[in-house]
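Below is one structure; the comments refer to it alone.
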Amino acid sequence: MSELHFYNSYTRQKEKFEPITPGYAGLYVCGPTVSGESHLGHARPYVTFDVVQRYLRHLGYKVRYVRNITDAGHFEEEGREAIDKVGEKAKVEKMEPMELVQKYTNLFHHAFRLFNCEDPAIEPTATGHIVEQINMIETIIEKGYAYVVNGSVYFDVKKYADNYPYGKLSGRVLDDQLETTRELDGQEEKRNKADFALWKNAPPQHIMRWKSPWGEGFPGWHIECSAMSSKYLGETFDIHGGGMDLQFPHHESEIAQSTIAHGHAPVNYWMHNNMITINGKKMGKSYNNVIKLSELFSGNHPLLTQAYHPMVVRFYILQTHYRSTLDFSNEALQASERAFRRLWEAYMLLDKLPAGGTEASDKTLDAQVITWCNECEEFMSDDFNTAKVLANLFEMAPVINGIKGGQVAATALSATTIALMKATFKTFLEDILGMQALQAEQSSSKLNNVLSLLIEIRNDSKKRKDFATSDQIRNKLAEAGVLLKDEKDGTVSYTIE
RNA sequence: GGUCGGAUGGCCGAGUGGCUAGGCACAGCUCUGCAAAAGCUGCUACAGCGGUUCGAAUCCGCUUUCGACCUCCA
């Protein structure tokens, strides 16, 4: 098992990964709030942590990947009306809350299967863990770090900060929080502005409500992740991931709650992915600049000139390091599509390559290829640098194409090096980065027979120098989505779009 | 206002002291009946100004500028 290093947001430095239990890794990632359709911004964390999870397994860890579904809804604006986000939307659409939640959960699952993201081992829902959340809140009250007001329970941040390093994760000073000039209604229940709700009393119009020791209500925003992560991964677990925008207050609150409830910090390594921006601004609901995944896949959006395959989007995300912002544009996505097609075709050619020499006739190239292959693991083990892995794979594309095209001698590389190259592409491009072909290999034998006939006819007309006919066949087939390619050796290959 | 993080070639994007990724686009060439694809070649950038150093995109300071968080947010 090679050494893995990655950036821990909590300590703000790269650290060597040392799991609590050797050979096992626990990973918790904040999942979606299923009150609406997923957009491009959501794709980033789930693709990022899918790769993290895949790489941990590649290194030999047994991984338990837990990602929650937030289906209980949160306050639209804390304190003011305590509107349950899910409940509110449900009324508008005249659906049962559960129906709405189910709809968007299904859409979410569908989209991320298209992205080839593996399903988490456990996908707990907030509504399914009300009991655990209530238990945890009770413990926090018993320990004196939460207080009950009018059926709601608040966490006493000030008291916590007196005894624990509150704000360390997000780099915040409590005094600044207390002095914030922002005036929110309904703050009078709290002892301090920085306090956050563990449980909220439900107003009469609130659809989603549960009985609790403090009356009917619903859980606060942060408690679900603490309750569910500790239930499935333990009171202290290895890695907690999520978007950078969740660092404060969500993750900071998780740390505070869990530290009181369990007596120690909940997480050893915090990982945060950066945002996707659009024209330099974060893509987010509140900015009204989101591109939904369905719009991306259909091309049905003013900013898009075409539809984009989920794999192109995945590739686009992985071309950038996860801690950098990633600026969206139609142009950038087009570039990714072309790039990915070229890389994938080179990969597909690998299998058809001659075996290589018993000894490499081009020692320099042979050594270079071996280096490129071996570096892939180094790059991944250095803070999951998918961008550098892809760069190395691209370095090998001209070598592969060159062998096929005859510009590089078939024996330039040794048989072992060719095999290493095959293994590297399989392992890193497919297994770890999780890339797949753009189109399923669904060609039927009937279609193949028809195409063979057309190719035969076209070859005959070419022999007669009847290029009008041969070009017509090629052009019409192209219109129908079948691209013919005249290979150097005189054969004709085709791809079906 | 407070805290934090950026500014890299036409575009996207790696990169933390020297060997100056990668992709897309563009130009020329090779191959080709013509295309497409592929290959080769070219394009050498690090916001500005100082400083440290033999040497800085990379370290330090200042300036300009963009953004994130502080409120639901991936």
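Simple scheme: letters A, B, ... for chains in structure tokens order, numbers from 1 for residues in each chain, numbers from 1 for ligands in the order shown.
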
Exercise. Per DSSP on the backbone, what are the strand (DSSP E or B) residues of segment 203-321 of chain A, as JSON, numbers by chain?
Worked result: {"A": [210, 217, 218, 219, 237, 238, 239, 240, 241, 242, 243, 267, 268, 269, 270, 271, 272, 273, 276, 277, 278, 281, 282, 292]}

For this session: Determine which residues of chain A sit within 8 Å of chain B, taking into account only C-alpha atoms (C1' of nucleotides), and present them as number ranges by chain.
Result: A: 32, 41-45, 74-77, 171-172, 176-177, 242-246, 248, 275, 280-281, 284-286, 319-320, 331-332, 334-336, 338-339, 387-388, 390-392, 394-395, 398, 401-402, 405, 407, 465, 467, 485

Would you export the selected residues with N, CA and C atoms as a compact mmCIF listing (two decimals), in the first residue's frame, please?
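The resulting file, again-v6.txt, is shown below:
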```
# COMPACT_ATOMS: atom_id res chain seq x y z
N PRO A 32 -26.88 15.51 -1.27
CA PRO A 32 -27.75 16.56 -1.79
C PRO A 32 -28.99 16.80 -0.92
N GLY A 41 -22.96 22.49 -10.54
CA GLY A 41 -22.20 22.68 -9.31
C GLY A 41 -22.20 21.46 -8.42
N HIS A 42 -23.30 20.72 -8.44
CA HIS A 42 -23.39 19.53 -7.60
C HIS A 42 -22.49 18.41 -8.13
N ALA A 43 -22.19 18.48 -9.41
CA ALA A 43 -21.41 17.40 -10.00
C ALA A 43 -20.00 17.35 -9.42
N ARG A 44 -19.51 18.50 -9.02
CA ARG A 44 -18.10 18.56 -8.60
C ARG A 44 -17.80 17.68 -7.38
N PRO A 45 -18.49 17.87 -6.26
CA PRO A 45 -18.13 17.05 -5.10
C PRO A 45 -18.37 15.57 -5.33
N HIS A 74 -34.70 22.45 5.47
CA HIS A 74 -34.14 23.35 6.46
C HIS A 74 -34.85 24.68 6.40
N PHE A 75 -34.47 25.54 7.29
CA PHE A 75 -35.11 26.85 7.34
C PHE A 75 -34.70 27.63 6.11
N GLU A 76 -35.67 28.20 5.48
CA GLU A 76 -35.37 29.04 4.34
C GLU A 76 -34.54 30.23 4.82
N GLU A 77 -35.02 30.83 5.90
CA GLU A 77 -34.28 31.90 6.53
C GLU A 77 -34.45 31.68 8.01
N GLY A 171 -11.44 28.95 10.06
CA GLY A 171 -10.61 30.12 10.29
C GLY A 171 -11.41 31.31 10.74
N ARG A 172 -12.22 31.10 11.75
CA ARG A 172 -13.12 32.16 12.17
C ARG A 172 -12.92 32.46 13.65
N ASP A 176 -15.93 37.88 16.15
CA ASP A 176 -16.40 38.49 14.91
C ASP A 176 -17.83 38.07 14.62
N GLN A 177 -18.09 36.80 14.93
CA GLN A 177 -19.44 36.29 14.68
C GLN A 177 -20.45 37.00 15.57
N GLY A 242 -16.83 17.43 1.38
CA GLY A 242 -17.95 18.27 0.98
C GLY A 242 -17.44 19.51 0.26
N GLY A 243 -18.37 20.33 -0.18
CA GLY A 243 -17.99 21.56 -0.87
C GLY A 243 -17.43 22.59 0.10
N MET A 244 -16.59 23.46 -0.42
CA MET A 244 -15.96 24.48 0.41
C MET A 244 -16.99 25.39 1.09
N ASP A 245 -18.11 25.57 0.44
CA ASP A 245 -19.12 26.47 1.01
C ASP A 245 -19.79 25.88 2.25
N LEU A 246 -19.50 24.62 2.51
CA LEU A 246 -20.11 24.00 3.69
C LEU A 246 -19.20 24.09 4.92
N PHE A 248 -18.21 26.54 6.64
CA PHE A 248 -18.90 27.32 7.66
C PHE A 248 -20.28 27.69 7.15
N MET A 275 -15.32 25.46 -5.78
CA MET A 275 -16.58 25.69 -6.48
C MET A 275 -16.41 25.66 -8.01
N GLY A 280 -16.82 33.65 -13.68
CA GLY A 280 -16.10 34.06 -12.50
C GLY A 280 -16.90 34.05 -11.21
N LYS A 281 -18.19 33.81 -11.31
CA LYS A 281 -19.01 33.79 -10.11
C LYS A 281 -19.44 32.37 -9.78
N GLY A 284 -24.61 28.91 -8.14
CA GLY A 284 -25.39 28.54 -6.97
C GLY A 284 -26.81 29.05 -7.07
N LYS A 285 -27.65 28.39 -6.33
CA LYS A 285 -29.07 28.75 -6.34
C LYS A 285 -29.28 30.23 -6.11
N SER A 286 -28.56 30.76 -5.10
CA SER A 286 -28.82 32.15 -4.73
C SER A 286 -28.32 33.13 -5.79
N GLN A 319 -10.09 17.37 -15.14
CA GLN A 319 -8.93 18.03 -15.74
C GLN A 319 -8.39 19.13 -14.83
N THR A 320 -9.16 19.49 -13.85
CA THR A 320 -8.76 20.53 -12.90
C THR A 320 -8.58 19.90 -11.53
N GLU A 331 -17.23 26.93 -24.33
CA GLU A 331 -15.97 26.69 -25.05
C GLU A 331 -15.11 25.66 -24.31
N ALA A 332 -15.03 25.81 -23.00
CA ALA A 332 -14.20 24.89 -22.21
C ALA A 332 -14.74 23.47 -22.32
N GLN A 334 -16.47 22.27 -24.84
CA GLN A 334 -16.19 21.78 -26.19
C GLN A 334 -14.76 21.26 -26.26
N ALA A 335 -13.85 22.00 -25.66
CA ALA A 335 -12.45 21.58 -25.66
C ALA A 335 -12.31 20.23 -24.97
N SER A 336 -13.04 20.07 -23.87
CA SER A 336 -12.98 18.81 -23.14
C SER A 336 -13.52 17.66 -23.97
N ARG A 338 -13.51 17.30 -27.27
CA ARG A 338 -12.53 16.88 -28.28
C ARG A 338 -11.36 16.15 -27.63
N ALA A 339 -10.90 16.70 -26.53
CA ALA A 339 -9.76 16.11 -25.85
C ALA A 339 -10.09 14.70 -25.40
N ALA A 387 -5.49 16.02 -12.63
CA ALA A 387 -5.06 16.81 -13.79
C ALA A 387 -3.72 16.29 -14.32
N LYS A 388 -2.82 15.99 -13.42
CA LYS A 388 -1.51 15.52 -13.85
C LYS A 388 -1.57 14.10 -14.40
N LEU A 390 -4.07 12.86 -16.07
CA LEU A 390 -4.58 12.99 -17.44
C LEU A 390 -3.50 13.53 -18.37
N ALA A 391 -2.70 14.46 -17.89
CA ALA A 391 -1.62 15.01 -18.72
C ALA A 391 -0.68 13.89 -19.14
N ASN A 392 -0.34 13.00 -18.23
CA ASN A 392 0.56 11.89 -18.57
C ASN A 392 -0.08 10.93 -19.57
N PHE A 394 -2.21 11.71 -21.74
CA PHE A 394 -2.17 12.40 -23.04
C PHE A 394 -0.78 12.32 -23.67
N GLU A 395 0.24 12.30 -22.85
CA GLU A 395 1.60 12.18 -23.40
C GLU A 395 1.75 10.89 -24.19
N PRO A 398 0.15 10.17 -28.51
CA PRO A 398 0.90 10.17 -29.78
C PRO A 398 1.74 8.92 -29.97
N ASN A 401 -0.84 6.23 -31.08
CA ASN A 401 -1.28 6.53 -32.44
C ASN A 401 -0.14 6.37 -33.44
N GLY A 402 1.04 6.72 -32.97
CA GLY A 402 2.21 6.63 -33.84
C GLY A 402 2.55 5.20 -34.20
N GLY A 405 -0.04 4.20 -36.67
CA GLY A 405 0.11 4.88 -37.95
C GLY A 405 1.44 4.59 -38.64
N GLN A 407 4.37 5.75 -37.69
CA GLN A 407 5.40 6.77 -37.45
C GLN A 407 6.34 6.32 -36.33
N LYS A 465 -12.87 5.09 -59.59
CA LYS A 465 -12.69 6.53 -59.48
C LYS A 465 -14.01 7.28 -59.58
N PHE A 467 -15.83 9.00 -57.56
CA PHE A 467 -15.77 9.60 -56.23
C PHE A 467 -17.08 10.25 -55.82
N LYS A 485 -13.95 6.09 -41.81
CA LYS A 485 -12.56 6.51 -41.78
C LYS A 485 -11.76 5.59 -42.69
```

Exercise. Near U64 of chain B, within 12 Å and counting only C-alpha atoms (C1' of nucleotides), which residues show up once chain neighbours fewer than 5 positions away are dropped, as a PyMOL selection string?
Worked result: chain B and resi 7+47-49

Restricting it to all heavy atoms, dump the selection as a PDB file, in the first residue's frame.
```
ATOM      1  P     A B   7      -3.243  32.074  -9.081  1.00  0.00           P
ATOM      2  OP1   A B   7      -2.768  30.909  -9.840  1.00  0.00           O
ATOM      3  OP2   A B   7      -2.258  33.046  -8.562  1.00  0.00           O
ATOM      4  O5'   A B   7      -4.360  32.832  -9.942  1.00  0.00           O
ATOM      5  C5'   A B   7      -4.244  33.036 -11.329  1.00  0.00           C
ATOM      6  C4'   A B   7      -4.714  34.432 -11.626  1.00  0.00           C
ATOM      7  O4'   A B   7      -4.857  35.158 -10.410  1.00  0.00           O
ATOM      8  C3'   A B   7      -3.748  35.223 -12.513  1.00  0.00           C
ATOM      9  O3'   A B   7      -4.385  35.495 -13.757  1.00  0.00           O
ATOM     10  C2'   A B   7      -3.495  36.512 -11.775  1.00  0.00           C
ATOM     11  O2'   A B   7      -3.806  37.653 -12.593  1.00  0.00           O
ATOM     12  C1'   A B   7      -4.517  36.488 -10.626  1.00  0.00           C
ATOM     13  N9    A B   7      -4.078  37.078  -9.353  1.00  0.00           N
ATOM     14  C8    A B   7      -3.682  36.447  -8.210  1.00  0.00           C
ATOM     15  N7    A B   7      -3.426  37.245  -7.205  1.00  0.00           N
ATOM     16  C5    A B   7      -3.680  38.498  -7.725  1.00  0.00           C
ATOM     17  C6    A B   7      -3.611  39.788  -7.164  1.00  0.00           C
ATOM     18  N6    A B   7      -3.260  40.018  -5.896  1.00  0.00           N
ATOM     19  N1    A B   7      -3.935  40.827  -7.958  1.00  0.00           N
ATOM     20  C2    A B   7      -4.295  40.589  -9.224  1.00  0.00           C
ATOM     21  N3    A B   7      -4.407  39.433  -9.863  1.00  0.00           N
ATOM     22  C4    A B   7      -4.089  38.418  -9.044  1.00  0.00           C
ATOM     23  P     A B  47       1.205  36.526 -12.581  1.00  0.00           P
ATOM     24  OP1   A B  47       2.412  36.856 -11.827  1.00  0.00           O
ATOM     25  OP2   A B  47       0.127  35.676 -12.029  1.00  0.00           O
ATOM     26  O5'   A B  47       0.528  37.896 -13.028  1.00  0.00           O
ATOM     27  C5'   A B  47       0.132  38.117 -14.383  1.00  0.00           C
ATOM     28  C4'   A B  47      -0.307  39.559 -14.473  1.00  0.00           C
ATOM     29  O4'   A B  47      -1.432  39.755 -13.597  1.00  0.00           O
ATOM     30  C3'   A B  47       0.748  40.551 -14.002  1.00  0.00           C
ATOM     31  O3'   A B  47       1.614  40.925 -15.059  1.00  0.00           O
ATOM     32  C2'   A B  47      -0.105  41.724 -13.516  1.00  0.00           C
ATOM     33  O2'   A B  47      -0.538  42.514 -14.588  1.00  0.00           O
ATOM     34  C1'   A B  47      -1.298  40.989 -12.909  1.00  0.00           C
ATOM     35  N9    A B  47      -1.113  40.685 -11.485  1.00  0.00           N
ATOM     36  C8    A B  47      -1.010  39.455 -10.898  1.00  0.00           C
ATOM     37  N7    A B  47      -0.851  39.484  -9.594  1.00  0.00           N
ATOM     38  C5    A B  47      -0.860  40.837  -9.304  1.00  0.00           C
ATOM     39  C6    A B  47      -0.729  41.543  -8.094  1.00  0.00           C
ATOM     40  N6    A B  47      -0.568  40.950  -6.899  1.00  0.00           N
ATOM     41  N1    A B  47      -0.780  42.898  -8.149  1.00  0.00           N
ATOM     42  C2    A B  47      -0.945  43.490  -9.332  1.00  0.00           C
ATOM     43  N3    A B  47      -1.072  42.930 -10.551  1.00  0.00           N
ATOM     44  C4    A B  47      -1.029  41.599 -10.457  1.00  0.00           C
ATOM     45  P     G B  48       3.152  41.270 -14.707  1.00  0.00           P
ATOM     46  OP1   G B  48       3.874  41.458 -15.997  1.00  0.00           O
ATOM     47  OP2   G B  48       3.667  40.321 -13.698  1.00  0.00           O
ATOM     48  O5'   G B  48       3.000  42.697 -14.013  1.00  0.00           O
ATOM     49  C5'   G B  48       2.569  43.827 -14.766  1.00  0.00           C
ATOM     50  C4'   G B  48       2.580  45.041 -13.882  1.00  0.00           C
ATOM     51  O4'   G B  48       1.609  44.859 -12.814  1.00  0.00           O
ATOM     52  C3'   G B  48       3.899  45.262 -13.138  1.00  0.00           C
ATOM     53  O3'   G B  48       4.831  45.964 -13.942  1.00  0.00           O
ATOM     54  C2'   G B  48       3.454  46.082 -11.935  1.00  0.00           C
ATOM     55  O2'   G B  48       3.238  47.432 -12.250  1.00  0.00           O
ATOM     56  C1'   G B  48       2.111  45.409 -11.607  1.00  0.00           C
ATOM     57  N9    G B  48       2.245  44.323 -10.624  1.00  0.00           N
ATOM     58  C8    G B  48       2.231  42.974 -10.864  1.00  0.00           C
ATOM     59  N7    G B  48       2.352  42.262  -9.773  1.00  0.00           N
ATOM     60  C5    G B  48       2.450  43.201  -8.758  1.00  0.00           C
ATOM     61  C6    G B  48       2.597  43.025  -7.352  1.00  0.00           C
ATOM     62  O6    G B  48       2.667  41.978  -6.701  1.00  0.00           O
ATOM     63  N1    G B  48       2.665  44.262  -6.687  1.00  0.00           N
ATOM     64  C2    G B  48       2.599  45.483  -7.307  1.00  0.00           C
ATOM     65  N2    G B  48       2.693  46.542  -6.507  1.00  0.00           N
ATOM     66  N3    G B  48       2.457  45.656  -8.614  1.00  0.00           N
ATOM     67  C4    G B  48       2.387  44.478  -9.265  1.00  0.00           C
ATOM     68  P     C B  49       6.402  45.712 -13.709  1.00  0.00           P
ATOM     69  OP1   C B  49       7.133  46.461 -14.753  1.00  0.00           O
ATOM     70  OP2   C B  49       6.662  44.265 -13.522  1.00  0.00           O
ATOM     71  O5'   C B  49       6.631  46.440 -12.313  1.00  0.00           O
ATOM     72  C5'   C B  49       6.383  47.834 -12.171  1.00  0.00           C
ATOM     73  C4'   C B  49       6.618  48.245 -10.751  1.00  0.00           C
ATOM     74  O4'   C B  49       5.613  47.642  -9.893  1.00  0.00           O
ATOM     75  C3'   C B  49       7.928  47.754 -10.145  1.00  0.00           C
ATOM     76  O3'   C B  49       9.017  48.553 -10.541  1.00  0.00           O
ATOM     77  C2'   C B  49       7.632  47.840  -8.652  1.00  0.00           C
ATOM     78  O2'   C B  49       7.725  49.150  -8.160  1.00  0.00           O
ATOM     79  C1'   C B  49       6.173  47.369  -8.612  1.00  0.00           C
ATOM     80  N1    C B  49       6.061  45.922  -8.345  1.00  0.00           N
ATOM     81  C2    C B  49       6.051  45.491  -7.009  1.00  0.00           C
ATOM     82  O2    C B  49       6.122  46.335  -6.113  1.00  0.00           O
ATOM     83  N3    C B  49       5.959  44.167  -6.728  1.00  0.00           N
ATOM     84  C4    C B  49       5.881  43.285  -7.728  1.00  0.00           C
ATOM     85  N4    C B  49       5.787  41.996  -7.409  1.00  0.00           N
ATOM     86  C5    C B  49       5.900  43.696  -9.100  1.00  0.00           C
ATOM     87  C6    C B  49       5.984  45.013  -9.358  1.00  0.00           C
TER      88        C B  49
END
```

Exercise. Quick one: of A:Asp119, A:Glu189, A:Glu37, A:Asp362, who's nearest to Gly151 of chain A, counting only C-alpha atoms?
Worked result: A:Glu189

For this session: May I have the residues within 8 Å of Gly26 of chain A as a PyMOL selection string, using only C-alpha atoms (C1' of nucleotides) and disregarding those fewer than 4 positions away in the same chain?
Result: chain A and resi 63-66+233+237-239

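Reported to one decimal place, the separation of atom CA of Glu132 of chain A from atom CA of Gly234 of chain A is 13.3 Å.
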
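What separates atom CA of Asp195 of chain A from atom CA of Asp156 of chain A is a distance of 5.5 Å.
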
For this session: Identify, with DSSP run on backbone atoms, the residues in segment 173-395 of chain A assigned to alpha helix (DSSP H), and express the list as a VMD selection string.
Result: chain A and resid 174 to 178 223 to 233 252 to 262 293 to 298 310 to 318 330 to 350 363 to 381 386 to 395

For this session: Work out how far atom CA of Leu198 of chain A is from atom CA of Tyr154 of chain A, in Å to one decimal.
Result: 5.4 Å

Problem set entry | For Tyr145 of chain A: contacts at 10 Å, only C-alpha atoms (C1' of nucleotides), fewer than 6 positions along chain excluded, given as number ranges by chain | A: 137, 139, 154-160, 256-257, 260-261

For this session: Counting only C-alpha atoms, figure out which residue out of A:Val369, A:Ile432, A:Ala409, A:Cys30 gets nearest to Pro124 of chain A.
Result: A:Cys30

For this session: Write out as a VMD selection string each polymer residue whose atoms come within 9 Å of Phe315 of chain A, counting only C-alpha atoms (C1' of nucleotides); drop sequence neighbours fewer than 5 positions from it.
Result: chain A and resid 310 336 to 337 340 433 435

Exercise. Using only C-alpha atoms, which residue out of A:Arg323, A:His264, A:Lys488, A:Lys62 lies closest to Phe384 of chain A?
Worked result: A:Arg323

Problem set entry | Polymer residues at most 12 Å from U58 of chain B, only C-alpha atoms (C1' of nucleotides), same-chain spacing of 5 or more positions, as a ChimeraX atom specification | /B:8,15-18,20,46
